[in-house]
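K.L.:
The structure's right below; bear with me while I get my questions together.
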Amino acid sequence: GCNEEAFGELCVSGEHLPLAHGRAVFRSLLEKRGCSHEWRVDSSAVASYNIGDQPDPRTLATLQKHELSSRHTARRITVDDFHQFQYILCFDEQNMRDLSRMKPAGCQATVRLLGSYVEEGKVVQDPYYLEDEAFETTYQLCRTMSTAFLDSVYQ
């Protein structure tokens, strides 16, 4: 089901590689639920070394295999994001620590590991330095974790 209120979700990573997976998967799940109009979905990075880059070709190939696409260009998270998004979901513990330090006092955004909606402490490993099959694993993890997150929001 869907709610009347609007939500915002921001996926955050140290590197932008899992982000295209997360963003595309999340949007497709919202569309299947008929709730995409309720959400503003974006992604950003904590680190700056991929800013302005397009997703890795292996990410794009994985998304295409699942009939998804991404035209996202990497950007860095800003302090304003903590006020504009209700949920800021990250992929690993380092990002969680970085985001916790960046989160302004009094900010109401929920900052949490996306994987924690499946299992406490569950992280998504960046597939960049791994075998090509790791991109499929990342896709599947993002799908499972995003589904669990949305189930928790719409319960």
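Just remember, in the structure tokens the first chain shown is A, the second B, etc., residues are 1-based per chain, and ligands are 1-based in the order shown.
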Excluding A:Ile88 and its own-chain neighbours fewer than 4 positions away, which residues fall within 12 Å of it when counting only C-alpha atoms? Please give them as a short mmCIF file (atom, residue, chain, number, x, y, z; two decimals) with all heavy atoms, in the first residue's frame.
P.N.:
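Below you can see around-v9.cif, which holds the result:
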```cif
data_model
loop_
_atom_site.label_atom_id
_atom_site.label_comp_id
_atom_site.auth_asym_id
_atom_site.auth_seq_id
_atom_site.Cartn_x
_atom_site.Cartn_y
_atom_site.Cartn_z
N PHE A 7 7.81 10.99 0.93
CA PHE A 7 9.05 10.55 1.56
C PHE A 7 10.23 10.96 0.69
O PHE A 7 10.09 11.19 -0.50
CB PHE A 7 9.07 9.02 1.69
CG PHE A 7 8.02 8.47 2.58
CD1 PHE A 7 6.87 7.90 2.05
CD2 PHE A 7 8.16 8.50 3.96
CE1 PHE A 7 5.90 7.36 2.86
CE2 PHE A 7 7.20 7.97 4.78
CZ PHE A 7 6.06 7.40 4.24
N GLY A 8 11.38 11.00 1.30
CA GLY A 8 12.61 11.21 0.56
C GLY A 8 13.61 10.16 1.00
O GLY A 8 13.73 9.86 2.17
N GLU A 9 14.33 9.56 0.04
CA GLU A 9 15.30 8.54 0.35
C GLU A 9 16.57 8.86 -0.42
O GLU A 9 16.53 9.15 -1.60
CB GLU A 9 14.75 7.17 -0.06
CG GLU A 9 15.61 6.01 0.34
CD GLU A 9 16.52 5.50 -0.76
OE1 GLU A 9 16.47 6.01 -1.88
OE2 GLU A 9 17.30 4.59 -0.48
N LEU A 10 17.68 8.83 0.28
CA LEU A 10 18.98 9.13 -0.31
C LEU A 10 19.92 7.97 -0.01
O LEU A 10 20.16 7.66 1.15
CB LEU A 10 19.54 10.42 0.27
CG LEU A 10 20.90 10.88 -0.22
CD1 LEU A 10 20.83 11.28 -1.69
CD2 LEU A 10 21.41 12.05 0.59
N CYS A 11 20.41 7.31 -1.03
CA CYS A 11 21.43 6.26 -0.85
C CYS A 11 22.79 6.91 -0.83
O CYS A 11 23.08 7.78 -1.66
CB CYS A 11 21.39 5.26 -2.00
SG CYS A 11 19.90 4.27 -2.08
N VAL A 12 23.64 6.50 0.10
CA VAL A 12 24.95 7.11 0.24
C VAL A 12 26.03 6.04 0.28
O VAL A 12 25.88 5.02 0.95
CB VAL A 12 25.04 7.97 1.52
CG1 VAL A 12 26.42 8.59 1.66
CG2 VAL A 12 23.98 9.05 1.51
N SER A 13 27.12 6.30 -0.42
CA SER A 13 28.25 5.39 -0.42
C SER A 13 29.54 6.18 -0.42
O SER A 13 29.57 7.34 -0.81
CB SER A 13 28.19 4.52 -1.67
OG SER A 13 29.30 3.68 -1.75
N ARG A 40 11.04 11.09 -3.38
CA ARG A 40 12.13 11.74 -4.11
C ARG A 40 13.36 10.90 -3.80
O ARG A 40 13.80 10.81 -2.66
CB ARG A 40 12.33 13.16 -3.60
CG ARG A 40 13.49 13.84 -4.29
CD ARG A 40 13.61 15.29 -3.87
NE ARG A 40 14.95 15.73 -4.22
CZ ARG A 40 15.76 16.37 -3.40
NH1 ARG A 40 15.39 16.67 -2.18
NH2 ARG A 40 16.95 16.71 -3.80
N VAL A 41 13.90 10.24 -4.81
CA VAL A 41 15.01 9.32 -4.64
C VAL A 41 16.26 9.91 -5.28
O VAL A 41 16.22 10.37 -6.42
CB VAL A 41 14.70 7.94 -5.27
CG1 VAL A 41 15.87 6.97 -5.09
CG2 VAL A 41 13.41 7.37 -4.70
N ASP A 42 17.36 9.87 -4.56
CA ASP A 42 18.63 10.36 -5.10
C ASP A 42 19.74 9.52 -4.50
O ASP A 42 19.50 8.65 -3.65
CB ASP A 42 18.82 11.84 -4.73
CG ASP A 42 19.81 12.54 -5.64
OD1 ASP A 42 20.44 11.87 -6.49
OD2 ASP A 42 19.97 13.76 -5.50
N SER A 43 20.94 9.74 -4.96
CA SER A 43 22.10 9.07 -4.39
C SER A 43 23.27 10.04 -4.40
O SER A 43 23.33 10.95 -5.21
CB SER A 43 22.43 7.79 -5.16
OG SER A 43 22.65 8.07 -6.52
N SER A 44 24.16 9.83 -3.47
CA SER A 44 25.34 10.68 -3.37
C SER A 44 26.47 9.88 -2.75
O SER A 44 26.27 8.77 -2.26
CB SER A 44 25.04 11.93 -2.53
OG SER A 44 24.82 11.56 -1.19
N ALA A 45 27.64 10.48 -2.74
CA ALA A 45 28.84 9.84 -2.18
C ALA A 45 29.38 10.68 -1.04
O ALA A 45 29.22 11.89 -1.01
CB ALA A 45 29.90 9.69 -3.27
N VAL A 46 30.01 10.01 -0.10
CA VAL A 46 30.69 10.70 0.99
C VAL A 46 32.03 11.23 0.49
O VAL A 46 32.41 12.36 0.75
CB VAL A 46 30.89 9.77 2.21
CG1 VAL A 46 31.74 10.44 3.27
CG2 VAL A 46 29.54 9.38 2.79
N ILE A 77 27.41 14.22 -1.04
CA ILE A 77 26.36 14.57 -0.10
C ILE A 77 26.62 15.96 0.47
O ILE A 77 27.77 16.37 0.62
CB ILE A 77 26.22 13.52 1.03
CG1 ILE A 77 24.94 13.78 1.83
CG2 ILE A 77 27.47 13.48 1.90
CD1 ILE A 77 24.57 12.66 2.76
N THR A 78 25.55 16.68 0.78
CA THR A 78 25.65 18.02 1.36
C THR A 78 24.90 18.06 2.68
O THR A 78 24.05 17.20 2.96
CB THR A 78 25.05 19.08 0.41
OG1 THR A 78 23.64 18.87 0.33
CG2 THR A 78 25.68 19.02 -0.97
N VAL A 79 25.17 19.07 3.47
CA VAL A 79 24.45 19.26 4.73
C VAL A 79 22.95 19.44 4.44
O VAL A 79 22.10 18.95 5.20
CB VAL A 79 25.02 20.46 5.51
CG1 VAL A 79 24.16 20.79 6.72
CG2 VAL A 79 26.45 20.17 5.95
N ASP A 80 22.62 20.11 3.35
CA ASP A 80 21.21 20.31 2.99
C ASP A 80 20.47 18.98 2.80
O ASP A 80 19.27 18.89 3.07
CB ASP A 80 21.08 21.13 1.71
CG ASP A 80 21.41 22.60 1.93
OD1 ASP A 80 21.42 23.04 3.10
OD2 ASP A 80 21.64 23.29 0.93
N ASP A 81 21.19 17.95 2.33
CA ASP A 81 20.55 16.64 2.14
C ASP A 81 19.95 16.11 3.43
O ASP A 81 18.92 15.44 3.42
CB ASP A 81 21.56 15.63 1.58
CG ASP A 81 21.94 15.91 0.14
OD1 ASP A 81 21.11 16.45 -0.61
OD2 ASP A 81 23.08 15.59 -0.23
N PHE A 82 20.58 16.41 4.55
CA PHE A 82 20.09 15.93 5.84
C PHE A 82 18.75 16.57 6.21
O PHE A 82 18.01 16.03 7.02
CB PHE A 82 21.11 16.18 6.94
CG PHE A 82 22.31 15.29 6.84
CD1 PHE A 82 23.43 15.69 6.14
CD2 PHE A 82 22.32 14.04 7.46
CE1 PHE A 82 24.55 14.87 6.05
CE2 PHE A 82 23.43 13.20 7.36
CZ PHE A 82 24.54 13.62 6.66
N HIS A 83 18.46 17.71 5.61
CA HIS A 83 17.19 18.39 5.87
C HIS A 83 16.16 18.08 4.79
O HIS A 83 14.96 18.18 5.03
CB HIS A 83 17.41 19.90 5.96
CG HIS A 83 18.32 20.28 7.09
ND1 HIS A 83 17.96 20.18 8.41
CD2 HIS A 83 19.60 20.73 7.07
CE1 HIS A 83 18.98 20.58 9.17
NE2 HIS A 83 19.97 20.91 8.38
N GLN A 84 16.61 17.70 3.59
CA GLN A 84 15.70 17.48 2.47
C GLN A 84 15.21 16.04 2.36
O GLN A 84 14.22 15.78 1.70
CB GLN A 84 16.38 17.87 1.16
CG GLN A 84 16.65 19.36 1.06
CD GLN A 84 17.37 19.72 -0.22
OE1 GLN A 84 17.44 18.93 -1.16
NE2 GLN A 84 17.90 20.93 -0.28
N ASN A 95 30.73 4.53 5.89
CA ASN A 95 29.79 5.56 5.48
C ASN A 95 28.88 5.95 6.64
O ASN A 95 28.54 7.12 6.82
CB ASN A 95 28.94 5.09 4.31
CG ASN A 95 29.76 4.94 3.07
OD1 ASN A 95 30.56 5.79 2.74
ND2 ASN A 95 29.58 3.84 2.37
N MET A 96 28.48 4.96 7.44
CA MET A 96 27.62 5.24 8.60
C MET A 96 28.34 6.16 9.57
O MET A 96 27.75 7.13 10.07
CB MET A 96 27.25 3.91 9.26
CG MET A 96 26.21 4.03 10.32
SD MET A 96 24.62 4.49 9.61
CE MET A 96 23.87 5.18 11.06
N LEU A 99 28.60 9.69 7.96
CA LEU A 99 27.30 10.37 7.96
C LEU A 99 26.89 10.81 9.36
O LEU A 99 26.33 11.89 9.53
CB LEU A 99 26.23 9.47 7.35
CG LEU A 99 26.37 9.22 5.85
CD1 LEU A 99 25.45 8.09 5.42
CD2 LEU A 99 26.11 10.49 5.07
N SER A 100 27.17 9.98 10.33
CA SER A 100 26.85 10.34 11.72
C SER A 100 27.59 11.59 12.14
O SER A 100 27.05 12.44 12.86
CB SER A 100 27.17 9.18 12.65
OG SER A 100 26.34 8.08 12.35
N MET A 102 28.59 13.95 10.05
CA MET A 102 28.11 15.04 9.21
C MET A 102 26.71 15.52 9.58
O MET A 102 26.36 16.66 9.30
CB MET A 102 28.09 14.62 7.74
CG MET A 102 29.43 14.36 7.12
SD MET A 102 29.25 13.69 5.44
CE MET A 102 28.63 15.15 4.60
N LYS A 103 25.91 14.65 10.18
CA LYS A 103 24.50 14.95 10.44
C LYS A 103 24.39 16.15 11.38
O LYS A 103 24.91 16.13 12.49
CB LYS A 103 23.81 13.74 11.06
CG LYS A 103 22.33 13.93 11.28
CD LYS A 103 21.68 12.68 11.84
CE LYS A 103 20.22 12.93 12.14
NZ LYS A 103 19.58 11.74 12.71
N CYS A 107 18.67 17.49 13.39
CA CYS A 107 18.17 17.00 12.10
C CYS A 107 17.31 15.76 12.33
O CYS A 107 17.66 14.88 13.10
CB CYS A 107 19.35 16.66 11.20
SG CYS A 107 18.87 15.92 9.64
N GLN A 108 16.17 15.69 11.67
CA GLN A 108 15.22 14.59 11.86
C GLN A 108 15.43 13.41 10.90
O GLN A 108 14.75 12.40 11.02
CB GLN A 108 13.79 15.12 11.70
CG GLN A 108 13.43 16.17 12.73
CD GLN A 108 13.54 15.63 14.15
OE1 GLN A 108 12.96 14.60 14.48
NE2 GLN A 108 14.29 16.32 15.00
N ALA A 109 16.35 13.53 9.95
CA ALA A 109 16.56 12.45 8.98
C ALA A 109 17.01 11.17 9.68
O ALA A 109 17.82 11.21 10.61
CB ALA A 109 17.60 12.86 7.94
N THR A 110 16.49 10.05 9.21
CA THR A 110 16.93 8.75 9.69
C THR A 110 18.16 8.36 8.89
O THR A 110 18.09 8.25 7.67
CB THR A 110 15.82 7.69 9.49
OG1 THR A 110 14.69 8.06 10.26
CG2 THR A 110 16.30 6.30 9.86
N VAL A 111 19.29 8.17 9.57
CA VAL A 111 20.53 7.74 8.93
C VAL A 111 20.77 6.30 9.38
O VAL A 111 20.91 6.04 10.58
CB VAL A 111 21.72 8.64 9.31
CG1 VAL A 111 22.99 8.15 8.66
CG2 VAL A 111 21.43 10.09 8.91
N ARG A 112 20.81 5.38 8.41
CA ARG A 112 20.88 3.97 8.78
C ARG A 112 21.50 3.15 7.66
O ARG A 112 21.42 3.53 6.49
CB ARG A 112 19.45 3.50 9.07
CG ARG A 112 19.35 2.15 9.68
CD ARG A 112 17.96 1.93 10.24
NE ARG A 112 17.75 0.50 10.47
CZ ARG A 112 16.60 -0.02 10.83
NH1 ARG A 112 15.55 0.75 11.00
NH2 ARG A 112 16.49 -1.32 11.02
N LEU A 113 22.09 2.01 8.01
CA LEU A 113 22.56 1.06 7.01
C LEU A 113 21.35 0.47 6.29
O LEU A 113 20.41 -0.01 6.95
CB LEU A 113 23.33 -0.08 7.67
CG LEU A 113 24.77 0.15 8.07
CD1 LEU A 113 25.27 -1.04 8.90
CD2 LEU A 113 25.65 0.35 6.85
N LEU A 114 21.35 0.49 4.98
CA LEU A 114 20.25 -0.11 4.23
C LEU A 114 20.11 -1.58 4.59
O LEU A 114 19.01 -2.09 4.76
CB LEU A 114 20.49 0.06 2.72
CG LEU A 114 19.44 -0.56 1.80
CD1 LEU A 114 18.06 0.04 2.05
CD2 LEU A 114 19.84 -0.36 0.34
N PHE A 149 13.35 -2.53 3.42
CA PHE A 149 13.16 -1.15 3.86
C PHE A 149 11.74 -0.68 3.56
O PHE A 149 11.05 -0.15 4.42
CB PHE A 149 14.19 -0.23 3.20
CG PHE A 149 13.87 1.22 3.35
CD1 PHE A 149 13.99 1.86 4.57
CD2 PHE A 149 13.43 1.96 2.26
CE1 PHE A 149 13.67 3.20 4.71
CE2 PHE A 149 13.10 3.29 2.38
CZ PHE A 149 13.24 3.92 3.62
#
```
K.L.:
I'd like the neighbourhood of stretch 24-31 of chain A as a list in words, where a residue qualifies if any of its atoms comes within 8 Å (using only C-alpha atoms), though same-chain residues fewer than 5 positions away should be ignored.
P.N.:
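That gives Ser36, Val41, Leu63, Leu68, Ser69, Ser70, Tyr139, Cys142, Arg143, Ser146 and Thr147 of chain A.
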K.L.:
What residues in chain A get the DSSP label strand (DSSP E or B)? Please answer as a list in words.
P.N.:
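Of chain A, only Phe7, Gly8, Glu9, Leu10, Cys11, Val12, Ser13, Trp39, Arg40, Val41, Asp42, Ser43, Ser44, Ala45, Arg76, Tyr87, Ile88, Leu89, Cys90, Thr110, Val111, Arg112 and Leu113 of chain A fall in strand (DSSP E or B).
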K.L.:
Please write the residues from the selection above to a file, keeping N, CA, C and O atoms, as a short mmCIF file (atom, residue, chain, number, x, y, z; two decimals), in the first residue's frame.
P.N.:
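Result written to again_26.cif:
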```cif
data_model
loop_
_atom_site.label_atom_id
_atom_site.label_comp_id
_atom_site.auth_asym_id
_atom_site.auth_seq_id
_atom_site.Cartn_x
_atom_site.Cartn_y
_atom_site.Cartn_z
N PHE A 7 7.81 10.99 0.93
CA PHE A 7 9.05 10.55 1.56
C PHE A 7 10.23 10.96 0.69
O PHE A 7 10.09 11.19 -0.50
N GLY A 8 11.38 11.00 1.30
CA GLY A 8 12.61 11.21 0.56
C GLY A 8 13.61 10.16 1.00
O GLY A 8 13.73 9.86 2.17
N GLU A 9 14.33 9.56 0.04
CA GLU A 9 15.30 8.54 0.35
C GLU A 9 16.57 8.86 -0.42
O GLU A 9 16.53 9.15 -1.60
N LEU A 10 17.68 8.83 0.28
CA LEU A 10 18.98 9.13 -0.31
C LEU A 10 19.92 7.97 -0.01
O LEU A 10 20.16 7.66 1.15
N CYS A 11 20.41 7.31 -1.03
CA CYS A 11 21.43 6.26 -0.85
C CYS A 11 22.79 6.91 -0.83
O CYS A 11 23.08 7.78 -1.66
N VAL A 12 23.64 6.50 0.10
CA VAL A 12 24.95 7.11 0.24
C VAL A 12 26.03 6.04 0.28
O VAL A 12 25.88 5.02 0.95
N SER A 13 27.12 6.30 -0.42
CA SER A 13 28.25 5.39 -0.42
C SER A 13 29.54 6.18 -0.42
O SER A 13 29.57 7.34 -0.81
N TRP A 39 7.81 9.58 -3.46
CA TRP A 39 9.22 9.57 -3.09
C TRP A 39 10.06 10.47 -3.98
O TRP A 39 9.84 10.53 -5.19
N ARG A 40 11.04 11.09 -3.38
CA ARG A 40 12.13 11.74 -4.11
C ARG A 40 13.36 10.90 -3.80
O ARG A 40 13.80 10.81 -2.66
N VAL A 41 13.90 10.24 -4.81
CA VAL A 41 15.01 9.32 -4.64
C VAL A 41 16.26 9.91 -5.28
O VAL A 41 16.22 10.37 -6.42
N ASP A 42 17.36 9.87 -4.56
CA ASP A 42 18.63 10.36 -5.10
C ASP A 42 19.74 9.52 -4.50
O ASP A 42 19.50 8.65 -3.65
N SER A 43 20.94 9.74 -4.96
CA SER A 43 22.10 9.07 -4.39
C SER A 43 23.27 10.04 -4.40
O SER A 43 23.33 10.95 -5.21
N SER A 44 24.16 9.83 -3.47
CA SER A 44 25.34 10.68 -3.37
C SER A 44 26.47 9.88 -2.75
O SER A 44 26.27 8.77 -2.26
N ALA A 45 27.64 10.48 -2.74
CA ALA A 45 28.84 9.84 -2.18
C ALA A 45 29.38 10.68 -1.04
O ALA A 45 29.22 11.89 -1.01
N ARG A 76 28.38 14.61 -4.45
CA ARG A 76 28.75 14.47 -3.05
C ARG A 76 27.58 14.90 -2.16
O ARG A 76 26.86 15.84 -2.48
N TYR A 87 15.00 9.81 4.84
CA TYR A 87 15.85 8.64 5.04
C TYR A 87 17.16 8.83 4.29
O TYR A 87 17.14 9.11 3.10
N ILE A 88 18.27 8.62 4.97
CA ILE A 88 19.58 8.61 4.33
C ILE A 88 20.17 7.24 4.65
O ILE A 88 20.50 6.94 5.79
N LEU A 89 20.21 6.41 3.63
CA LEU A 89 20.59 5.01 3.79
C LEU A 89 21.95 4.77 3.16
O LEU A 89 22.19 5.16 2.02
N CYS A 90 22.82 4.11 3.90
CA CYS A 90 24.18 3.90 3.40
C CYS A 90 24.48 2.41 3.29
O CYS A 90 23.73 1.57 3.78
N THR A 110 16.49 10.05 9.21
CA THR A 110 16.93 8.75 9.69
C THR A 110 18.16 8.36 8.89
O THR A 110 18.09 8.25 7.67
N VAL A 111 19.29 8.17 9.57
CA VAL A 111 20.53 7.74 8.93
C VAL A 111 20.77 6.30 9.38
O VAL A 111 20.91 6.04 10.58
N ARG A 112 20.81 5.38 8.41
CA ARG A 112 20.88 3.97 8.78
C ARG A 112 21.50 3.15 7.66
O ARG A 112 21.42 3.53 6.49
N LEU A 113 22.09 2.01 8.01
CA LEU A 113 22.56 1.06 7.01
C LEU A 113 21.35 0.47 6.29
O LEU A 113 20.41 -0.01 6.95
#
```
K.L.:
Which residues of stretch 48-83 of chain A have any atom within 10 Å of an atom in stretch 119-134 of chain A when counting only C-alpha atoms, and what is the closest pair of atoms for each, with the distance in Å to one decimal? Order the rows by chain and rising number and write it as JSON lines.
P.N.:
```
{"residue": "A:Asp56", "atom": "CA", "partner": "A:Tyr128", "partner_atom": "CA", "distance": 8.1}
{"residue": "A:Arg58", "atom": "CA", "partner": "A:Asp132", "partner_atom": "CA", "distance": 6.9}
{"residue": "A:Thr59", "atom": "CA", "partner": "A:Pro127", "partner_atom": "CA", "distance": 9.1}
{"residue": "A:Thr62", "atom": "CA", "partner": "A:Glu133", "partner_atom": "CA", "distance": 9.2}
```
K.L.:
Can you work out the spacing between atom CA of A:Ala74 and atom CA of A:Ala47 in Å, to one decimal?
P.N.:
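About the pair atom CA of A:Ala74 and atom CA of A:Ala47: they are 10.3 Å apart.
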K.L.:
For atom CA of A:Asp151 and atom CA of A:Cys35, determine how far apart the two atoms are, in Å to one decimal place.
P.N.:
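Distance between the two atoms: 12.3 Å.
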K.L.:
Residues of stretch 27-155 of chain A classed as helix (DSSP H, G or I) by DSSP on the backbone are to be reported as an NGL selection string.
P.N.:
:A and (27-33 or 36-38 or 57-65 or 81-84 or 93-102 or 114-117 or 133-153)
K.L.:
Deliver the residues from the most recent selection as a file, using C-alpha atoms, as an mmCIF file, in the first residue's frame.
P.N.:
```
data_model
loop_
_atom_site.group_PDB
_atom_site.id
_atom_site.type_symbol
_atom_site.label_atom_id
_atom_site.label_comp_id
_atom_site.auth_asym_id
_atom_site.auth_seq_id
_atom_site.Cartn_x
_atom_site.Cartn_y
_atom_site.Cartn_z
ATOM 1 C CA ARG A 27 12.863 3.322 -8.073
ATOM 2 C CA SER A 28 11.742 0.115 -9.798
ATOM 3 C CA LEU A 29 10.366 -1.270 -6.522
ATOM 4 C CA LEU A 30 8.448 1.958 -5.912
ATOM 5 C CA GLU A 31 6.972 1.796 -9.414
ATOM 6 C CA LYS A 32 5.848 -1.805 -8.855
ATOM 7 C CA ARG A 33 4.135 -0.745 -5.613
ATOM 8 C CA SER A 36 6.865 6.354 -6.922
ATOM 9 C CA HIS A 37 4.920 9.638 -6.769
ATOM 10 C CA GLU A 38 5.432 9.690 -2.991
ATOM 11 C CA PRO A 57 29.852 -0.056 -17.281
ATOM 12 C CA ARG A 58 29.461 -3.332 -15.340
ATOM 13 C CA THR A 59 26.783 -1.703 -13.185
ATOM 14 C CA LEU A 60 24.967 -0.503 -16.297
ATOM 15 C CA ALA A 61 25.200 -3.986 -17.866
ATOM 16 C CA THR A 62 23.764 -5.566 -14.709
ATOM 17 C CA LEU A 63 20.908 -3.073 -14.572
ATOM 18 C CA GLN A 64 20.178 -3.592 -18.276
ATOM 19 C CA LYS A 65 20.013 -7.356 -17.705
ATOM 20 C CA ASP A 81 20.552 16.644 2.135
ATOM 21 C CA PHE A 82 20.087 15.926 5.835
ATOM 22 C CA HIS A 83 17.193 18.388 5.866
ATOM 23 C CA GLN A 84 15.703 17.476 2.468
ATOM 24 C CA GLU A 93 29.983 1.006 8.392
ATOM 25 C CA GLN A 94 32.526 3.619 7.251
ATOM 26 C CA ASN A 95 29.786 5.564 5.484
ATOM 27 C CA MET A 96 27.623 5.237 8.596
ATOM 28 C CA ARG A 97 30.392 6.761 10.733
ATOM 29 C CA ASP A 98 31.009 9.555 8.205
ATOM 30 C CA LEU A 99 27.304 10.374 7.955
ATOM 31 C CA SER A 100 26.847 10.339 11.717
ATOM 32 C CA ARG A 101 29.622 12.937 12.008
ATOM 33 C CA MET A 102 28.114 15.045 9.214
ATOM 34 C CA LEU A 114 20.251 -0.109 4.226
ATOM 35 C CA GLY A 115 21.215 -3.689 5.063
ATOM 36 C CA SER A 116 20.045 -3.301 8.657
ATOM 37 C CA TYR A 117 16.475 -3.673 7.433
ATOM 38 C CA GLU A 133 29.652 -11.535 -10.910
ATOM 39 C CA ALA A 134 29.891 -9.289 -7.839
ATOM 40 C CA PHE A 135 27.821 -6.673 -9.682
ATOM 41 C CA GLU A 136 24.929 -9.147 -9.878
ATOM 42 C CA THR A 137 25.378 -9.903 -6.175
ATOM 43 C CA THR A 138 25.246 -6.168 -5.438
ATOM 44 C CA TYR A 139 22.067 -5.852 -7.493
ATOM 45 C CA GLN A 140 20.407 -8.731 -5.632
ATOM 46 C CA LEU A 141 21.468 -7.328 -2.240
ATOM 47 C CA CYS A 142 20.111 -3.898 -3.123
ATOM 48 C CA ARG A 143 16.838 -5.461 -4.216
ATOM 49 C CA THR A 144 16.470 -7.537 -1.031
ATOM 50 C CA MET A 145 17.467 -4.665 1.256
ATOM 51 C CA SER A 146 15.308 -2.080 -0.501
ATOM 52 C CA THR A 147 12.311 -4.412 -0.374
ATOM 53 C CA ALA A 148 12.822 -4.909 3.369
ATOM 54 C CA PHE A 149 13.163 -1.150 3.863
ATOM 55 C CA LEU A 150 9.953 -0.424 1.945
ATOM 56 C CA ASP A 151 8.135 -3.188 3.822
ATOM 57 C CA SER A 152 9.133 -1.468 7.091
ATOM 58 C CA VAL A 153 7.873 1.916 5.854
#
```
K.L.:
What is the distance between atom CA of A:Glu67 and atom CA of A:Val118, in Å to one decimal?
P.N.:
24.5 Å
